[in-house]
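*Asks:* One structure, as structure tokens, below. Some questions next.
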Amino acid sequence: MTEPLVVLDTVSRIHGEGATAVTALDQVSLAIAPGELVAVMGPSGSGKSTLLNVAGGLDRPTSGRVLIEGEDLTTMGGADLARLRRRRMGFVFQDYNLIPSLTAAENVSLPLELDGERISQARRHARHALDLLGLMDLSDRYPDAMSGGQQQRVAIARALVGDRRFVLADEPTGALDSHTGEEVLRVLRERCDAGIAGLLVTHEARHAAWADRVVFLRDGRVVDTTGTDSGVEGLLTTSAGGSR
Amino acid sequence: MTTSQPRSREYAAWRASWGLALRMARRDVRRHRGRSLVVLLMVSLPTALLIFGITANRTLTPSDEVLLPATLGSADALVFPPLTGSEETIVQDGSGSNWLLRGKGRQPIPGYDPEATAADNAGAIGEVLGGRAIPVEDTEARVRLGQRTVPIAALVVDARVGLGPKAVLLSGRWAQTPDEVVVTPQGVRRGLPSTGTLTLLDGSREVTRTIVGTAQGWIDVRMADVVSLGPVGSRSGDPQSGSWLILGSGDITGDRLKALGRYGLPIRSAYLVRHPLTIDELPEELQGATEFGASETRIYTLGGGALLILITGLLVAPAFAVSAARQRRTLALAASNGATTAHLRRTVLGQAVVLGALAAILGAGAGIAAAYAYQQWNEANSEQTLYLPLTVPWTAVLGVTACAVIASIGAALLPARRLDRLDIVGVMKGQNVSRPASRVLPVVGLVLMAGGSALLILGMRRVFDALTVPLGALLLVLGALALIPRALVLIGRLAARLPVALRMAARDAARQRARSGPAVAAVVGGVALLTTILVAVASDTAQSARDYEPFQRSGEGYLGLDPSLDASWQSQTAPLRAVAPQFVINPVHQVTGAMWTEGQAPDRPHVNVQIDGCTPEQAIIDTTFWNSLNSGTSGPASFQPATSPCQLIGDDSPLGRAIKALPAEEIIRRLELTGASADTVRGGGAVVIGTPRAVVNGRLRIVLGAPFEPFEGAEVGQAPTTAPGQPPTPRVERVVSLPAVSIPRTKDSSAQSTGATDVLIAADAVDAARLPHTLLGAVVHDPAGPISEETERAVNEALGARSAFNVERGFVRDDALAIALIVTAFTLILLIVTLTSTALAMAEQQREDAAMAAVGATRSTRRAFAAAQAFVTAIIGTVLGFVVGFVPGYAFTYPLTASSYDFVTGREVIGDPTVVVPWLPLAIAVLGVPLLAALLAAGGVRRAPVLTRRTA
């Protein structure tokens, strides 16, 4: 069996204290293997984004462990976490979050440049990443001169540039039309098929269908997990009925 | 429906809109205290500085009206004696100082005797003025205080009549006889006793006066040391030495003044000082000067106001751009709910009105308070007690305050105007990019810069008047400001190869020109002004250093002696010997026959050097030269001082080149003479410095001429300043020939020969040749080395007020403190501007925090980005500002320093300008400010990028 690249071990995340405490994640465990794309679904406030943030080291769990390639993120300092984000994982957000004052190539090479790589080398890696996504022609364009789909693909390129092994995508198609959204997910799927691990937060079943596995959250707890073969539509129907 | 109803509705809507805008502005000021504080500082600081300057200046240079209590007290007028020997009437303006002779026809004053004293003529003057004339005189004398003699200023007046604030009794009583005096607090401060007796030195006599009280008594702006009823000093009480205070005459109006002009009486009228004549009411002859003065004042006032508006506008503009930018979403929401562009503009302008008015009032208050504090400090630290009440020029203060409010509104106008192009949909979607840079603006900028440069070049060549250079500088700076948006775009494009933080900052500045433009413009304006000032100050200092003529050998001293004292050489130099017994002290005599003092007829011979090619007669009066000069002049107005080639050294040298005598060994030591030159001096010879034609066949010829009356308008020892007419016939009494050597004039030899000296003669030779001479002072040196500042201070303390001892220390710069203050003030202002813009940039970039966090940015990264933002904004501004400011700096300096003094010829030299760029202080501004701003911006970042904030 393939060793998991990402492991969340009984992770809880509680915001606030005492009477105002809100449990965003409650004893969640999850493992993602290289080449696997896992979708996280659930209603608003179920803890999807918190799960993604905790898995990416943007947020710290109140209890439990998060392991990336065996390294425990919960024991790491801020600088180590930032280094990890610069080198081994990438994020894709719903509203792209490209830096408006940098071109597509510069946005993609940003984590490498921040990591101290020489500009020319970082730019070479960036162009390669853009090329993989069919965006070479756009490398010198600024974000505001690109469509939403193009921007999101640039964001994916940025999430994949260099030796990244883990991509976290938070509603990456939320601001896109259906066709472009499907295109973006296809790219993500291809990259996972090429060996990286992916965690996709979405609330649309058809997008979750691109994943190898779907984890369903409610009130911070994993209420079900299923492979796409077992029928995501069925899970969603049950969820909507509120019986789980 | 009538038309007035819509109008009144429009007005009501307008009023309601402004009411809402001002209400929102007041709340916004309270909510955003940091930003409001920045605006308050930016407006109130320059306002306070300007008002402080105006108020302090007006306080330190009081007007005649402010001085009335000290000059006239309760008198209606102060009348000066009529000009003797003239038959002309006068026209005047009533100030007592601005009058002109008009023409023949003066009426005699009944009972007035020009040869009598002011007291004797008081009745006649009072009769003509229609009041009681009180003789008043301000004079100087010396008093003995133990072993010292101290010069004092005395107000001689009978104060018993009641002169109001001019003379106020503090204790005791007023003098009732000429043998009594009262002492003022200023006199007591200077060491005079407040009781007992006072010993006055009257020539060689000592006169004792009894002190009967203490009182304040004013001589114009300063307080007298004593108030006396009887004459004080050797010339006190002479005819023409006093004036009259007029009591009970009623107001001396313009008509009465005109009538009194027939008697040739210059008058200072209290009424006319308080209610000056208008230009039309003034006599025609006086209108021109008054009109020029008024227009000059107008120009300076307008210039100051314009400068305040420009600087304040530039300083405040970034803060208002911040404010408008941060309000964009609110304004877009308002627009989407039906607010018109005018409503939106008022919201932004409302802040300018509220903050501008508040800041201007605070600034004005602070400026006046600072001026008051300065006046108090000045009063406490001045050696003199001066009549300098705090004078607040309220009209100017109101004008400056209004200018500050206008500047605030002007600064807010640009962001307010941009609101008519507010992209509501874009703003609501979170888009935030400046519109494309204007294509017209750079062209306008280039045209302005070209025009400004042309004016500067013309100003340098003195083609137009003095306003050409300031106007050219203003156009140049305005042109540069217009080029800033395009420059920002260009720099953004050129930033591709820079490290990511600098690249982002440069691109951000280019993209967000609405925010970065005003900040960069403010920095450009500030640095341009700073560069101009520093280049001008440094160049002026460099020229002063170049023109500085040392008066002594370095580290050696000169003791000036008072020739009016009858004290012996030994007693006058005793304090030096007491402080430093090792000092070598040698007397300096000037070989001269014409040491003319006021009131003394020039009855001693003229002593001049005979120059090669000139006759002895020409050494006395060069009639050939003066006659040729007369034939070439059209009148007195065109006559300028000129030099005869035969009168270069001696009593009649217009350059003041003198013949001096020192002990032979001292001459040899000072000039470092050796061999034959030293032997010549030891043998009773002379050294000629800088005028080789004075030595013929190794001999110096000194001509002694018979006395003659000075030319009209001339003082002895000075070139005539009016056409002399037919010069007197010279008469040579005798010619003294001495062995002499000639050496060239250099800065060193000038210092070695005690300043403006062309001939040094061995003292023994002067006595042997029976040349007339006068003791000037003493040259002093310490065989152990240079005289220290501490010793110099100690000697001066020992000497008291009787004479001064100065040690040559070369040119001493006195501009370092001024430059440090200027650079510090500008640095602070530039930092505030830069950091304001940076703070906004960082606030706007919070949207990008998640992206930065996602790619592994840390707090250090954020710090680097903040530092880069501040650095880029500042460095663009400082570099552009330096380039733009250097040109007017050069242009201002060129004409100012193009004329300088040639120490060899003693003449003005035209065409050798000194332009110095003070690199260190400029580097502090150009490089130091960006680096410091970067450091502060980085230090201001306290947290890492926001990691988990929801961005959608």
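So you can find residues: chains in the structure tokens are A, B, ... in the order shown, residues in each start at 1, and ligands are numbered from 1 in order.
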With a distance cut-off of 12 Å and only C-alpha atoms, select the neighbouring residues of region 183-187 of chain A, excluding the residue or stretch itself and same-chain residues fewer than 6 positions from it, and output the selection as an MDAnalysis selection string.

*Replies:* chainID A and resid 37 39 92 94 96 129:130 132:135 148:157 160 169:177 193:194 198:202 206:211

*Asks:* Kindly export the residues of the current selection with C-alpha atoms, as a PDB file, in the first residue's frame.

*Replies:*
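again10.pdb, written as the output of this step:
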ATOM      1  CA  LEU A  37      -7.371  13.878  -5.058  1.00  0.00           C
ATOM      2  CA  ALA A  39     -12.743  16.313  -2.124  1.00  0.00           C
ATOM      3  CA  VAL A  92      -5.541  27.628  -4.879  1.00  0.00           C
ATOM      4  CA  GLN A  94     -11.696  30.794  -4.990  1.00  0.00           C
ATOM      5  CA  TYR A  96      -7.401  33.423  -7.388  1.00  0.00           C
ATOM      6  CA  ALA A 129       4.715  25.318 -14.834  1.00  0.00           C
ATOM      7  CA  LEU A 130       2.768  27.688 -17.074  1.00  0.00           C
ATOM      8  CA  LEU A 132       2.285  22.498 -18.422  1.00  0.00           C
ATOM      9  CA  LEU A 133      -1.012  24.330 -18.059  1.00  0.00           C
ATOM     10  CA  GLY A 134      -0.900  25.744 -21.581  1.00  0.00           C
ATOM     11  CA  LEU A 135      -0.369  29.327 -20.398  1.00  0.00           C
ATOM     12  CA  GLY A 148     -11.008  34.378 -14.475  1.00  0.00           C
ATOM     13  CA  GLY A 149     -10.244  30.921 -15.812  1.00  0.00           C
ATOM     14  CA  GLN A 150      -6.791  31.998 -16.938  1.00  0.00           C
ATOM     15  CA  GLN A 151      -6.111  33.557 -13.564  1.00  0.00           C
ATOM     16  CA  GLN A 152      -7.182  30.415 -11.769  1.00  0.00           C
ATOM     17  CA  ARG A 153      -4.953  28.293 -13.960  1.00  0.00           C
ATOM     18  CA  VAL A 154      -2.072  30.640 -13.168  1.00  0.00           C
ATOM     19  CA  ALA A 155      -2.915  30.172  -9.488  1.00  0.00           C
ATOM     20  CA  ILE A 156      -2.744  26.408 -10.009  1.00  0.00           C
ATOM     21  CA  ALA A 157       0.579  26.798 -11.776  1.00  0.00           C
ATOM     22  CA  LEU A 160       2.452  23.419  -8.467  1.00  0.00           C
ATOM     23  CA  ALA A 169      -7.794  24.092  -3.411  1.00  0.00           C
ATOM     24  CA  ASP A 170     -10.534  26.045  -1.661  1.00  0.00           C
ATOM     25  CA  GLU A 171     -13.564  26.326  -3.938  1.00  0.00           C
ATOM     26  CA  PRO A 172     -11.307  26.898  -6.943  1.00  0.00           C
ATOM     27  CA  THR A 173     -14.212  27.093  -9.357  1.00  0.00           C
ATOM     28  CA  GLY A 174     -16.459  29.299  -7.260  1.00  0.00           C
ATOM     29  CA  ALA A 175     -15.885  32.408  -9.362  1.00  0.00           C
ATOM     30  CA  LEU A 176     -15.828  30.665 -12.720  1.00  0.00           C
ATOM     31  CA  ASP A 177     -18.450  29.672 -15.228  1.00  0.00           C
ATOM     32  CA  ASP A 193      -2.598  11.778 -11.833  1.00  0.00           C
ATOM     33  CA  ALA A 194       1.001  12.875 -12.334  1.00  0.00           C
ATOM     34  CA  GLY A 198      -4.689  17.120  -3.718  1.00  0.00           C
ATOM     35  CA  LEU A 199      -7.287  18.338  -1.262  1.00  0.00           C
ATOM     36  CA  LEU A 200     -10.277  20.003  -2.879  1.00  0.00           C
ATOM     37  CA  VAL A 201     -12.928  21.872  -0.947  1.00  0.00           C
ATOM     38  CA  THR A 202     -16.150  22.213  -2.897  1.00  0.00           C
ATOM     39  CA  ARG A 206     -20.156  17.481 -10.022  1.00  0.00           C
ATOM     40  CA  HIS A 207     -16.862  19.002  -9.051  1.00  0.00           C
ATOM     41  CA  ALA A 208     -16.367  16.421  -6.328  1.00  0.00           C
ATOM     42  CA  ALA A 209     -16.832  13.815  -9.010  1.00  0.00           C
ATOM     43  CA  TRP A 210     -13.299  14.620 -10.210  1.00  0.00           C
ATOM     44  CA  ALA A 211     -11.916  13.345  -6.871  1.00  0.00           C
TER      45      ALA A 211
END

*Asks:* Taking only C-alpha atoms into account, which residues of chain B are within 6 Å of chain A, as a PyMOL selection string?

*Replies:* chain B and resi 504+507-508+851+854-856+947

*Asks:* Find the distance between CA of Val579 (chain B) and CA of Val150 (chain B) and write it in Å to one decimal.

*Replies:*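 Separating CA of Val579 (chain B) from CA of Val150 (chain B) is a distance of 20.3 Å.
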
*Asks:* I'd like to know which of B:Ser323, B:Thr615, B:Ser571, B:Thr208 is closest to Leu840 (chain B), using only C-alpha atoms.

*Replies:*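 The shortest atom-to-atom distance to Leu840 (chain B) comes from B:Ser323.
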
*Asks:* Find the residues around region 403-420 of chain B up to 9 Å (only C-alpha atoms counted), leave out those fewer than 6 positions away in its own chain, and share them as a VMD selection string.

*Replies:* chain B and resid 39 43 to 44 46 to 47 305 to 306 308 to 321 323 to 325 328 331 340 to 342 344 to 353 355 to 360 514 518

*Asks:* Mind checking DSSP for region 53-168 of chain A and telling me the helix (DSSP H, G or I) residues as JSON, numbers by chain?

*Replies:* {"A": [53, 54, 55, 73, 74, 75, 78, 79, 80, 81, 82, 83, 84, 85, 86, 87, 104, 105, 106, 107, 108, 109, 110, 111, 112, 113, 114, 119, 120, 121, 122, 123, 124, 125, 126, 127, 128, 129, 130, 131, 132, 136, 137, 138, 143, 144, 145, 148, 149, 150, 151, 152, 153, 154, 155, 156, 157, 158, 159, 160]}

*Asks:* Using only C-alpha atoms, which residues sit within 9 Å of Val7 (chain A) once same-chain residues fewer than 3 positions away are excluded, as a VMD selection string?

*Replies:* chain A and resid 4 29 to 33 55 65 to 70

*Asks:* Grab the CA of Val926 (chain B) to CA of Leu880 (chain B) distance for me, in Å with one decimal place.

*Replies:*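 These two atoms are separated by 9.3 Å.
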
*Asks:* If you measure from CA of Ala21 (chain B) to CA of Leu41 (chain B), what distance in Å do you get, rounded to one decimal?

*Replies:* 22.4 Å

*Asks:* So that I can check the surroundings of Leu529 (chain B), please list as a VMD selection string every protein, DNA and RNA residue that reaches within 12 Å of it, counting only C-alpha atoms and ignoring chain neighbours fewer than 5 positions away.

*Replies:* chain B and resid 307 310 to 311 470 473 to 474 476 to 477 522 to 524 534 to 536 822 to 823 826 830 878 880 to 889 892 922 925

*Asks:* Out of B:Ser241, B:Thr55, B:Asn608, B:Gln384, which residue has the shortest atom-to-atom distance to Pro185 (chain B) when counting only C-alpha atoms?

*Replies:*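 When distances to Pro185 (chain B) are compared using only C-alpha atoms, the smallest one comes from B:Gln384.
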